[in-house]
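> To be precise about what I am sending: the file is called work.tsv and holds TSV, C-alpha atoms and all ligand atoms.
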chain	number	residue	atom	x	y	z
A	208	MET	CA	-12.74	-33.34	0.85
A	209	VAL	CA	-10.60	-35.75	2.62
A	210	ALA	CA	-7.20	-36.80	3.69
A	211	ARG	CA	-6.00	-39.74	1.64
A	212	GLU	CA	-5.33	-42.07	4.49
A	213	ILE	CA	-7.89	-42.84	7.12
A	214	SER	CA	-5.74	-44.95	9.34
A	215	ARG	CA	-2.34	-43.30	9.35
A	216	ARG	CA	-3.05	-39.60	9.68
A	217	ARG	CA	-4.25	-38.76	13.10
A	218	LEU	CA	-3.91	-35.86	15.40
A	219	VAL	CA	-5.14	-35.35	18.89
A	220	VAL	CA	-4.82	-31.64	19.25
A	221	GLY	CA	-1.64	-30.92	21.08
A	222	SER	CA	-0.08	-28.12	23.00
A	223	ALA	CA	0.30	-25.80	20.01
A	224	ALA	CA	-3.41	-25.83	19.32
A	225	VAL	CA	-4.29	-25.45	22.98
A	226	ALA	CA	-1.94	-22.46	23.15
A	227	ALA	CA	-3.51	-20.98	20.03
A	228	LEU	CA	-6.96	-21.46	21.51
A	229	ALA	CA	-5.89	-19.86	24.77
A	230	ALA	CA	-4.38	-16.94	22.87
A	231	CYS	CA	-7.57	-16.48	20.91
A	232	SER	CA	-9.88	-16.50	23.88
A	233	ARG	CA	-7.74	-14.69	26.42
A	234	GLU	CA	-9.09	-11.36	27.53
A	235	GLU	CA	-6.57	-8.60	28.07
A	236	PRO	CA	-7.04	-5.71	30.46
A	237	GLU	CA	-9.68	-3.30	29.19
A	238	ALA	CA	-7.42	-0.29	29.47
A	239	SER	CA	-4.72	-1.75	27.25
A	240	ARG	CA	-7.12	-2.92	24.56
A	241	THR	CA	-9.63	-0.08	24.39
A	242	ARG	CA	-9.06	2.27	21.53
A	243	PRO	CA	-11.22	4.80	19.82
A	244	ALA	CA	-12.40	3.83	16.37
A	245	SER	CA	-10.30	4.90	13.43
A	246	PRO	CA	-11.49	7.92	11.49
A	247	GLY	CA	-14.13	6.91	9.01
A	248	MET	CA	-14.85	3.62	10.76
A	249	THR	CA	-18.39	2.93	11.84
A	250	SER	CA	-17.71	1.96	15.43
A	251	SER	CA	-18.69	3.54	18.68
A	252	ARG	CA	-16.01	4.99	20.96
A	253	GLY	CA	-14.47	2.41	23.27
A	254	THR	CA	-15.17	-0.64	21.08
A	255	ARG	CA	-12.14	-2.91	21.02
A	256	GLU	CA	-10.72	-3.61	17.60
A	257	ARG	CA	-9.37	-7.11	17.18
A	258	GLU	CA	-5.60	-7.14	16.79
A	259	VAL	CA	-3.74	-9.65	14.64
A	260	LYS	CA	-2.35	-12.20	17.12
A	261	GLN	CA	-0.69	-14.62	14.69
A	262	ARG	CA	-0.02	-14.67	10.96
A	263	PHE	CA	0.90	-17.72	8.88
A	264	ASP	CA	1.67	-18.59	5.27
A	265	GLY	CA	-0.40	-21.35	3.73
A	266	GLN	CA	1.31	-24.71	3.23
A	267	PRO	CA	1.23	-26.45	-0.18
A	268	THR	CA	-0.12	-29.98	-0.09
A	269	ARG	CA	-2.24	-32.48	-2.03
A	270	ASP	CA	-5.40	-34.23	-0.92
A	271	GLY	CA	-8.28	-36.26	-2.31
A	272	ALA	CA	-7.03	-38.19	-5.36
A	273	GLY	CA	-4.13	-35.76	-5.78
A	274	VAL	CA	-5.67	-32.28	-5.88
A	275	LYS	CA	-3.13	-29.52	-5.36
A	276	LEU	CA	-4.09	-27.36	-2.39
A	277	THR	CA	-2.81	-24.71	-0.06
A	278	ARG	CA	-3.62	-25.60	3.54
A	279	MET	CA	-4.26	-22.33	5.35
A	280	LEU	CA	-5.60	-23.85	8.56
A	281	GLY	CA	-5.21	-27.38	9.88
A	282	SER	CA	-1.48	-27.65	9.23
A	283	SER	CA	1.22	-28.29	11.79
A	284	ALA	CA	1.82	-24.51	11.95
A	285	LEU	CA	-1.80	-23.74	12.85
A	286	PRO	CA	-3.74	-26.92	13.73
A	287	MET	CA	-7.05	-25.18	14.43
A	288	VAL	CA	-8.83	-22.03	15.50
A	289	ASP	CA	-11.63	-23.51	17.58
A	290	PRO	CA	-14.26	-24.35	16.23
A	291	PHE	CA	-12.56	-24.25	12.80
A	292	LEU	CA	-10.48	-27.34	12.03
A	293	MET	CA	-9.22	-26.82	8.51
A	294	LEU	CA	-9.29	-24.39	5.60
A	295	ASP	CA	-7.91	-25.32	2.18
A	296	GLU	CA	-7.66	-23.09	-0.87
A	297	PHE	CA	-7.57	-24.74	-4.31
A	298	HIS	CA	-6.53	-22.38	-7.08
A	299	SER	CA	-5.11	-23.60	-10.38
A	300	ASP	CA	-5.65	-23.29	-14.11
A	301	LYS	CA	-3.72	-26.53	-14.73
A	302	ALA	CA	-6.14	-29.44	-15.10
A	303	ASP	CA	-3.59	-31.87	-13.73
A	304	ASP	CA	-3.76	-30.05	-10.39
A	305	TYR	CA	-7.48	-30.73	-9.88
A	306	ILE	CA	-8.85	-33.16	-12.47
A	307	ARG	CA	-8.71	-36.26	-10.24
A	308	GLY	CA	-10.98	-34.56	-7.70
A	309	PHE	CA	-12.24	-36.09	-4.49
A	310	PRO	CA	-13.83	-39.49	-5.24
A	311	SER	CA	-16.19	-41.21	-2.83
A	312	HIS	CA	-15.11	-40.76	0.81
A	313	PRO	CA	-16.75	-40.56	4.24
A	314	HIS	CA	-17.06	-37.89	6.92
A	315	ARG	CA	-18.29	-38.03	10.52
A	316	GLY	CA	-18.38	-35.66	13.48
A	317	PHE	CA	-18.11	-32.22	11.88
A	318	GLU	CA	-19.22	-29.98	8.99
A	319	THR	CA	-17.63	-29.32	5.61
A	320	VAL	CA	-18.18	-26.04	3.79
A	321	THR	CA	-17.27	-25.52	0.13
A	322	TYR	CA	-17.19	-21.99	-1.32
A	323	MET	CA	-16.50	-21.66	-5.03
A	324	LEU	CA	-15.04	-18.60	-6.72
A	325	HIS	CA	-14.39	-20.00	-10.18
A	326	GLY	CA	-15.06	-23.25	-12.02
A	327	ALA	CA	-17.51	-25.98	-11.06
A	328	MET	CA	-17.62	-29.15	-8.99
A	329	GLU	CA	-20.18	-31.92	-9.09
A	330	HIS	CA	-21.33	-33.24	-5.74
A	331	LYS	CA	-23.06	-36.54	-4.93
A	332	ASP	CA	-23.73	-37.96	-1.49
A	333	SER	CA	-25.27	-40.85	0.41
A	334	LEU	CA	-28.33	-38.72	1.30
A	335	GLY	CA	-29.24	-38.68	-2.39
A	336	ASN	CA	-28.11	-35.09	-2.95
A	337	HIS	CA	-26.66	-34.42	-6.38
A	338	GLY	CA	-25.73	-30.93	-7.47
A	339	ARG	CA	-23.38	-28.60	-9.23
A	340	LEU	CA	-21.30	-26.13	-7.26
A	341	GLY	CA	-20.63	-23.19	-9.56
A	342	PRO	CA	-18.95	-19.80	-9.05
A	343	GLY	CA	-20.24	-17.95	-6.00
A	344	SER	CA	-22.12	-20.93	-4.57
A	345	THR	CA	-21.71	-22.48	-1.15
A	346	GLN	CA	-22.41	-25.91	0.22
A	347	TRP	CA	-22.67	-26.32	3.98
A	348	MET	CA	-22.76	-30.01	4.80
A	349	THR	CA	-23.30	-31.19	8.36
A	350	ALA	CA	-21.82	-34.67	8.21
A	351	GLY	CA	-22.93	-35.50	11.75
A	352	HIS	CA	-23.43	-39.26	12.14
A	353	GLY	CA	-22.02	-39.91	8.69
A	354	ILE	CA	-22.08	-39.02	5.01
A	355	VAL	CA	-20.25	-40.59	2.08
A	356	HIS	CA	-19.81	-38.19	-0.82
A	357	SER	CA	-17.76	-37.33	-3.88
A	358	GLU	CA	-16.66	-33.94	-5.18
A	359	MET	CA	-15.42	-34.03	-8.77
A	360	PRO	CA	-14.48	-31.23	-11.18
A	361	GLN	CA	-17.08	-30.46	-13.83
A	362	GLN	CA	-14.47	-29.10	-16.21
A	363	GLU	CA	-11.48	-30.47	-18.07
A	364	ASN	CA	-9.54	-27.23	-18.31
A	365	GLY	CA	-9.58	-23.62	-17.14
A	366	LEU	CA	-9.41	-22.05	-13.71
A	367	MET	CA	-10.68	-23.88	-10.63
A	368	TRP	CA	-10.70	-21.70	-7.51
A	369	GLY	CA	-12.41	-22.16	-4.20
A	370	PHE	CA	-12.16	-23.10	-0.55
A	371	GLN	CA	-13.06	-25.89	1.79
A	372	LEU	CA	-13.58	-25.20	5.46
A	373	TRP	CA	-14.09	-27.75	8.22
A	374	VAL	CA	-16.15	-26.71	11.25
A	375	ASN	CA	-16.29	-28.82	14.38
A	376	LEU	CA	-19.44	-30.07	16.08
A	377	PRO	CA	-19.71	-30.32	19.88
A	378	ALA	CA	-19.37	-33.83	21.34
A	379	ALA	CA	-23.09	-33.95	22.05
A	380	LYS	CA	-23.91	-33.24	18.37
A	381	LYS	CA	-21.27	-35.30	16.59
A	382	LEU	CA	-23.75	-38.04	15.74
A	383	THR	CA	-26.54	-35.65	14.78
A	384	LYS	CA	-28.70	-36.29	11.73
A	385	PRO	CA	-26.76	-35.35	8.58
A	386	ARG	CA	-27.89	-32.15	6.87
A	387	TYR	CA	-27.06	-30.45	3.62
A	388	GLN	CA	-27.50	-26.74	2.75
A	389	ASP	CA	-26.95	-26.03	-0.94
A	390	LEU	CA	-26.77	-22.26	-1.46
A	391	ALA	CA	-26.97	-20.85	-4.97
A	392	PRO	CA	-24.94	-17.68	-5.71
A	393	GLN	CA	-28.06	-15.50	-5.74
A	394	SER	CA	-29.05	-16.65	-2.24
A	395	ILE	CA	-25.93	-15.11	-0.73
A	396	VAL	CA	-26.55	-11.64	0.70
A	397	GLU	CA	-24.55	-8.90	-1.04
A	398	LEU	CA	-23.89	-5.71	0.91
A	399	ALA	CA	-21.80	-2.56	0.82
A	400	ILE	CA	-20.11	-2.14	4.20
A	401	ASP	CA	-18.06	1.07	4.34
A	402	ASP	CA	-15.94	0.85	1.16
A	403	ALA	CA	-16.14	-2.94	0.85
A	404	GLN	CA	-18.34	-5.15	-1.29
A	405	VAL	CA	-19.34	-8.01	0.97
A	406	ARG	CA	-20.93	-11.40	0.32
A	407	LEU	CA	-22.53	-12.49	3.58
A	408	ILE	CA	-22.66	-16.29	3.63
A	409	ALA	CA	-23.32	-16.87	7.33
A	410	GLY	CA	-23.98	-14.55	10.25
A	411	GLU	CA	-25.33	-11.04	10.42
A	412	ALA	CA	-24.47	-7.62	9.01
A	413	GLN	CA	-26.51	-4.44	8.68
A	414	GLY	CA	-29.55	-6.21	10.11
A	415	LYS	CA	-29.48	-8.92	7.44
A	416	ARG	CA	-28.62	-12.58	7.86
A	417	GLY	CA	-26.64	-14.79	5.55
A	418	PRO	CA	-28.47	-17.84	4.15
A	419	VAL	CA	-26.71	-20.49	6.27
A	420	ASP	CA	-28.87	-21.28	9.30
A	421	GLY	CA	-29.14	-23.55	12.30
A	422	ILE	CA	-25.41	-24.11	12.82
A	423	VAL	CA	-24.52	-24.80	16.44
A	424	THR	CA	-21.28	-22.76	16.54
A	425	ASP	CA	-23.08	-19.62	15.23
A	426	PRO	CA	-20.57	-19.06	12.42
A	427	GLN	CA	-19.99	-15.76	10.67
A	428	MET	CA	-18.59	-16.08	7.16
A	429	LEU	CA	-18.01	-13.05	4.94
A	430	ASP	CA	-16.23	-12.61	1.61
A	431	VAL	CA	-14.92	-9.04	1.79
A	432	ALA	CA	-13.58	-7.20	-1.29
A	433	LEU	CA	-11.79	-3.94	-0.55
A	434	PRO	CA	-10.99	-1.43	-3.30
A	435	LYS	CA	-7.77	0.58	-3.41
A	436	ARG	CA	-7.54	2.85	-0.37
A	437	GLY	CA	-10.71	1.24	0.98
A	438	GLY	CA	-11.70	0.72	4.62
A	439	PHE	CA	-14.04	-1.71	6.35
A	440	SER	CA	-15.20	-2.33	9.88
A	441	HIS	CA	-17.58	-4.99	11.10
A	442	PRO	CA	-18.71	-6.09	14.56
A	443	LEU	CA	-18.19	-9.73	15.51
A	444	PRO	CA	-19.44	-11.32	18.74
A	445	ALA	CA	-16.81	-10.99	21.48
A	446	THR	CA	-17.55	-14.61	22.39
A	447	HIS	CA	-16.23	-15.83	19.02
A	448	ASN	CA	-12.78	-16.78	17.78
A	449	ALA	CA	-12.01	-15.16	14.43
A	450	PHE	CA	-9.53	-15.22	11.59
A	451	ALA	CA	-9.08	-13.70	8.14
A	452	LEU	CA	-7.71	-15.39	5.04
A	453	VAL	CA	-6.48	-12.92	2.43
A	454	PHE	CA	-6.70	-14.38	-1.09
A	455	GLU	CA	-6.18	-11.36	-3.35
A	456	GLY	CA	-3.97	-8.28	-2.92
A	457	ALA	CA	-3.15	-7.28	0.63
A	458	VAL	CA	-5.14	-6.09	3.63
A	459	ALA	CA	-4.03	-4.20	6.76
A	460	LEU	CA	-5.92	-5.54	9.75
A	461	GLY	CA	-6.63	-4.25	13.25
A	462	PRO	CA	-5.50	-1.15	15.11
A	463	SER	CA	-1.83	-1.85	14.33
A	464	ARG	CA	-2.66	-2.12	10.62
A	465	THR	CA	-0.85	-5.45	10.37
A	466	ARG	CA	-0.24	-6.24	6.71
A	467	VAL	CA	-1.61	-9.58	5.55
A	468	ASP	CA	-0.81	-10.62	1.98
A	469	ALA	CA	-2.67	-12.99	-0.33
A	470	GLY	CA	-1.83	-16.53	0.75
A	471	GLN	CA	-1.66	-15.65	4.45
A	472	ILE	CA	-4.03	-16.29	7.33
A	473	ALA	CA	-4.30	-13.92	10.30
A	474	VAL	CA	-5.68	-15.13	13.64
A	475	LEU	CA	-7.45	-12.25	15.37
A	476	GLY	CA	-7.34	-11.53	19.09
A	477	PRO	CA	-10.20	-10.59	21.40
A	478	GLY	CA	-12.50	-7.67	20.77
A	479	GLU	CA	-15.84	-6.67	19.32
A	480	LEU	CA	-14.82	-5.17	15.99
A	481	VAL	CA	-12.81	-6.16	12.94
A	482	THR	CA	-11.21	-3.30	11.06
A	483	ALA	CA	-9.39	-3.46	7.74
A	484	ARG	CA	-7.86	-1.11	5.22
A	485	SER	CA	-6.21	-1.78	1.90
A	486	ALA	CA	-3.79	0.47	0.01
A	487	GLU	CA	-3.73	-1.53	-3.21
A	488	GLY	CA	-7.01	-3.42	-2.90
A	489	GLY	CA	-7.57	-6.87	-1.46
A	490	ARG	CA	-10.06	-9.60	-0.80
A	491	MET	CA	-10.43	-11.86	2.21
A	492	LEU	CA	-12.60	-14.46	3.85
A	493	LEU	CA	-13.53	-13.41	7.37
A	494	LEU	CA	-14.56	-16.27	9.67
A	495	ALA	CA	-15.75	-16.27	13.26
A	496	GLY	CA	-17.37	-18.95	15.41
A	497	ARG	CA	-18.16	-19.79	19.02
A	498	PRO	CA	-15.34	-21.94	20.38
A	499	LEU	CA	-16.28	-25.37	21.75
A	500	GLY	CA	-13.34	-25.81	24.15
A	501	GLU	CA	-13.53	-29.59	23.85
A	502	PRO	CA	-10.94	-32.30	23.12
A	503	VAL	CA	-10.46	-32.98	19.40
A	504	ALA	CA	-9.43	-36.35	17.98
A	505	ARG	CA	-8.85	-36.41	14.21
A	506	ARG	CA	-8.14	-39.21	11.80
A	507	GLY	CA	-8.39	-38.41	8.11
A	508	PRO	CA	-12.04	-37.64	7.30
A	509	PHE	CA	-13.30	-38.21	10.85
A	510	VAL	CA	-13.22	-35.68	13.69
A	511	MET	CA	-14.40	-37.00	17.03
A	512	SER	CA	-13.61	-36.39	20.72
A	513	THR	CA	-11.74	-39.60	21.59
A	514	GLU	CA	-9.65	-42.36	20.01
A	515	GLU	CA	-12.41	-44.85	20.78
A	516	GLU	CA	-14.90	-42.79	18.80
A	517	LEU	CA	-12.46	-42.65	15.88
A	518	ASN	CA	-12.10	-46.42	15.97
A	519	GLN	CA	-15.89	-46.72	15.98
A	520	ALA	CA	-16.14	-44.38	12.96
A	521	VAL	CA	-13.65	-46.48	10.98
A	522	SER	CA	-15.45	-49.67	11.98
A	523	ASP	CA	-18.87	-48.21	11.06
A	524	TYR	CA	-17.54	-47.07	7.67
A	525	GLN	CA	-16.08	-50.50	6.93
A	526	SER	CA	-19.32	-52.25	7.90
A	527	GLY	CA	-21.63	-49.80	6.09
A	528	ARG	CA	-23.19	-48.40	9.28
A	529	LEU	CA	-21.71	-44.91	8.98
A	530	THR	CA	-24.56	-43.63	6.84
A	531	VAL	CA	-27.35	-45.47	8.68
A	532	TRP	CA	-28.72	-42.74	10.93
A	533	GLY	CA	-31.11	-43.77	13.66
A	534	GLY	CA	-30.71	-47.40	12.67
B	601	FE	FE	-15.40	-34.39	1.58
Written as structure tokens, that's how I'd like the structure from this file.

Amino acid sequence: MVAREISRRRLVVGSAAVAALAACSREEPEASRTRPASPGMTSSRGTREREVKQRFDGQPTRDGAGVKLTRMLGSSALPMVDPFLMLDEFHSDKADDYIRGFPSHPHRGFETVTYMLHGAMEHKDSLGNHGRLGPGSTQWMTAGHGIVHSEMPQQENGLMWGFQLWVNLPAAKKLTKPRYQDLAPQSIVELAIDDAQVRLIAGEAQGKRGPVDGIVTDPQMLDVALPKRGGFSHPLPATHNAFALVFEGAVALGPSRTRVDAGQIAVLGPGELVTARSAEGGRMLLLAGRPLGEPVARRGPFVMSTEEELNQAVSDYQSGRLTVWGG
């Protein structure tokens, strides 16, 4: 999905994002961060639980041809959590909020991930891919050198609910060959972790791997549903930045049991373990990825490292070269 204006919206990540990145990757003294695991949690003694460092409300916006969205990540409040550039939630049972969809538009320099909870979207792209994204399915598209695609609702009424995540590529891979992973609902690994029902989309849990593979930032992506009075703990690589987006109920995260309500995003601090409890039940997306630590230059549907590369992307799109890989 795409910002409406290619030329006017641009953002070279500024001091707020750099500060957020620094906060996410800063190591604190071992003694102050080391805590024993909570009772009932499946951690070993001395493993650091990730604390909630920042918490934000999503910001309402519209994108594509006028689709109503809540921008959870990628707004002025929280520009990015390296390597994650954007996360939108679309959730409406009013056709007027989604019916115009995301007509043909380009991407270059990063990856787009669509995860559907309810409803269906039709996808077509310049690689010749054509598919239907239904409930529980995921599409992981590595735009790389360039893809032009459309994402249009396959329904005229009823609930449409899902997410779109943008994941950055390192400078050396921004012009990589485009790739498309279309993951049917049944290909996603379903697990019980402590009290939670988990859909493992990317990464590893209980010795199993999610179906997404070969992604350079080694992403972990879990859909975690906690019942009333349920608990959950899950190891994440200490090298990774991580955040949680709560989209149903409420979840208490980390050793301080910081409450995060539906519609809020929580950026997690350093550590090896994510812990969560829920009094009334809740559901969240848990994301982690290896930070790139590189300059980010954004303009609408393009995410590159410099202004010159953005100009080149616009020029290549206008001349038809964006989707000519290796040519
Ligand atoms: Fe798109």
> Which residues form the shell of 10 Å around ligand FE 601 (chain B) when you count only C-alpha atoms and all ligand atoms, given as a PyMOL selection string?
chain A and resi 208-210+271+309-314+318-321+330+332+348+350+354-358+371+373+508
> Take the residues just selected and output them with C-alpha atoms as a tab-separated table (two decimals), keeping the file's coordinate frame.

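Result file is again-v8.tsv:
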chain	number	residue	atom	x	y	z
A	208	MET	CA	-12.74	-33.34	0.85
A	209	VAL	CA	-10.60	-35.75	2.62
A	210	ALA	CA	-7.20	-36.80	3.69
A	271	GLY	CA	-8.28	-36.26	-2.31
A	309	PHE	CA	-12.24	-36.09	-4.49
A	310	PRO	CA	-13.83	-39.49	-5.24
A	311	SER	CA	-16.19	-41.21	-2.83
A	312	HIS	CA	-15.11	-40.76	0.81
A	313	PRO	CA	-16.75	-40.56	4.24
A	314	HIS	CA	-17.06	-37.89	6.92
A	318	GLU	CA	-19.22	-29.98	8.99
A	319	THR	CA	-17.63	-29.32	5.61
A	320	VAL	CA	-18.18	-26.04	3.79
A	321	THR	CA	-17.27	-25.52	0.13
A	330	HIS	CA	-21.33	-33.24	-5.74
A	332	ASP	CA	-23.73	-37.96	-1.49
A	348	MET	CA	-22.76	-30.01	4.80
A	350	ALA	CA	-21.82	-34.67	8.21
A	354	ILE	CA	-22.08	-39.02	5.01
A	355	VAL	CA	-20.25	-40.59	2.08
A	356	HIS	CA	-19.81	-38.19	-0.82
A	357	SER	CA	-17.76	-37.33	-3.88
A	358	GLU	CA	-16.66	-33.94	-5.18
A	371	GLN	CA	-13.06	-25.89	1.79
A	373	TRP	CA	-14.09	-27.75	8.22
A	508	PRO	CA	-12.04	-37.64	7.30
> For Gly316 (chain A), which residue among A:Met367, A:Met511, A:Leu529, A:Val396 is the nearest when counting all atoms listed in the file?
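Closest to Gly316 (chain A) of all the choices is A:Met511.
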> Please compute the CA of Pro434 (chain A)-CA of Phe291 (chain A) distance, one decimal, in Å.
28.0 Å
> CA of Gln266 (chain A) and CA of Ala473 (chain A), how far apart in Å?
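Answer for the CA of Ala473 (chain A) to CA of Gln266 (chain A) separation: 14.1 Å.
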> Which of these residues is nearest to Leu493 (chain A), using all atoms listed in the file: A:Phe297, A:Phe450, A:Tyr524, A:Trp532?
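Of all the options, A:Phe450 lies closest to Leu493 (chain A).
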> Counting all atoms listed in the file, what is within 8 Å of Ala445 (chain A), bar same-chain residues fewer than 6 positions away, as a ChimeraX atom specification?
/A:477-479
> Just checking: using only C-alpha atoms, which residue out of A:Ala302, A:Met323, A:Val274, A:Leu376 ends up closest to Pro498 (chain A)?
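Answer, going by the shortest atom-to-atom distance: A:Leu376.
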> Taking all listed atoms of region 270-285 of chain A, build the axis-aligned box, pad each of the six sides by 3 Å, then write its centre and edge lengths in Å to one decimal as lines of an AutoDock Vina configuration file.

center_x = -3.2
center_y = -30.3
center_z = 3.5
size_x = 16.1
size_y = 21.9
size_z = 24.7
> Just checking: using all atoms listed in the file, which residue out of A:Ala378, A:Met491, A:Val431, A:Ala449 ends up closest to Thr513 (chain A)?
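Among the listed residues, A:Ala378 lies closest to Thr513 (chain A).
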> Please, can region 369-391 of chain A be completed to N, CA and C atoms and returned as an mmCIF file, in the coordinates of the input?

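Okay, this is what ended up in result.cif:
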data_model
loop_
_atom_site.group_PDB
_atom_site.id
_atom_site.type_symbol
_atom_site.label_atom_id
_atom_site.label_comp_id
_atom_site.auth_asym_id
_atom_site.auth_seq_id
_atom_site.Cartn_x
_atom_site.Cartn_y
_atom_site.Cartn_z
ATOM 1 N N GLY A 369 -11.429 -22.138 -5.283
ATOM 2 C CA GLY A 369 -12.410 -22.160 -4.200
ATOM 3 C C GLY A 369 -11.765 -22.566 -2.889
ATOM 4 N N PHE A 370 -12.626 -22.819 -1.923
ATOM 5 C CA PHE A 370 -12.160 -23.100 -0.550
ATOM 6 C C PHE A 370 -12.958 -24.257 0.027
ATOM 7 N N GLN A 371 -12.320 -24.983 0.931
ATOM 8 C CA GLN A 371 -13.060 -25.890 1.790
ATOM 9 C C GLN A 371 -12.662 -25.658 3.237
ATOM 10 N N LEU A 372 -13.709 -25.479 4.036
ATOM 11 C CA LEU A 372 -13.580 -25.200 5.460
ATOM 12 C C LEU A 372 -14.173 -26.363 6.242
ATOM 13 N N TRP A 373 -13.531 -26.753 7.325
ATOM 14 C CA TRP A 373 -14.090 -27.750 8.220
ATOM 15 C C TRP A 373 -14.438 -27.066 9.550
ATOM 16 N N VAL A 374 -15.659 -27.313 10.017
ATOM 17 C CA VAL A 374 -16.150 -26.710 11.250
ATOM 18 C C VAL A 374 -16.515 -27.837 12.214
ATOM 19 N N ASN A 375 -16.039 -27.736 13.437
ATOM 20 C CA ASN A 375 -16.290 -28.820 14.380
ATOM 21 C C ASN A 375 -17.718 -28.791 14.906
ATOM 22 N N LEU A 376 -18.173 -29.944 15.360
ATOM 23 C CA LEU A 376 -19.440 -30.070 16.080
ATOM 24 C C LEU A 376 -19.115 -30.405 17.536
ATOM 25 N N PRO A 377 -19.946 -29.941 18.483
ATOM 26 C CA PRO A 377 -19.710 -30.320 19.880
ATOM 27 C C PRO A 377 -19.915 -31.824 20.069
ATOM 28 N N ALA A 378 -19.290 -32.382 21.099
ATOM 29 C CA ALA A 378 -19.370 -33.830 21.340
ATOM 30 C C ALA A 378 -20.811 -34.317 21.337
ATOM 31 N N ALA A 379 -21.685 -33.522 21.925
ATOM 32 C CA ALA A 379 -23.090 -33.950 22.050
ATOM 33 C C ALA A 379 -23.823 -33.950 20.711
ATOM 34 N N LYS A 380 -23.237 -33.336 19.682
ATOM 35 C CA LYS A 380 -23.910 -33.240 18.370
ATOM 36 C C LYS A 380 -23.149 -33.972 17.276
ATOM 37 N N LYS A 381 -22.096 -34.687 17.630
ATOM 38 C CA LYS A 381 -21.270 -35.300 16.590
ATOM 39 C C LYS A 381 -22.010 -36.368 15.794
ATOM 40 N N LEU A 382 -22.992 -36.989 16.436
ATOM 41 C CA LEU A 382 -23.750 -38.040 15.740
ATOM 42 C C LEU A 382 -25.138 -37.538 15.350
ATOM 43 N N THR A 383 -25.258 -36.230 15.161
ATOM 44 C CA THR A 383 -26.540 -35.650 14.780
ATOM 45 C C THR A 383 -26.951 -36.116 13.384
ATOM 46 N N LYS A 384 -28.203 -35.922 13.062
ATOM 47 C CA LYS A 384 -28.700 -36.290 11.730
ATOM 48 C C LYS A 384 -27.984 -35.468 10.663
ATOM 49 N N PRO A 385 -27.456 -36.109 9.626
ATOM 50 C CA PRO A 385 -26.760 -35.350 8.580
ATOM 51 C C PRO A 385 -27.691 -34.343 7.898
ATOM 52 N N ARG A 386 -27.103 -33.235 7.476
ATOM 53 C CA ARG A 386 -27.890 -32.150 6.870
ATOM 54 C C ARG A 386 -27.059 -31.481 5.784
ATOM 55 N N TYR A 387 -27.743 -30.973 4.802
ATOM 56 C CA TYR A 387 -27.060 -30.450 3.620
ATOM 57 C C TYR A 387 -27.718 -29.123 3.230
ATOM 58 N N GLN A 388 -26.967 -28.035 3.199
ATOM 59 C CA GLN A 388 -27.500 -26.740 2.750
ATOM 60 C C GLN A 388 -26.760 -26.372 1.461
ATOM 61 N N ASP A 389 -27.511 -26.336 0.371
ATOM 62 C CA ASP A 389 -26.950 -26.030 -0.940
ATOM 63 C C ASP A 389 -27.388 -24.609 -1.294
ATOM 64 N N LEU A 390 -26.445 -23.673 -1.350
ATOM 65 C CA LEU A 390 -26.770 -22.260 -1.460
ATOM 66 C C LEU A 390 -26.311 -21.722 -2.813
ATOM 67 N N ALA A 391 -27.275 -21.394 -3.647
ATOM 68 C CA ALA A 391 -26.970 -20.850 -4.970
ATOM 69 C C ALA A 391 -26.362 -19.456 -4.816
#
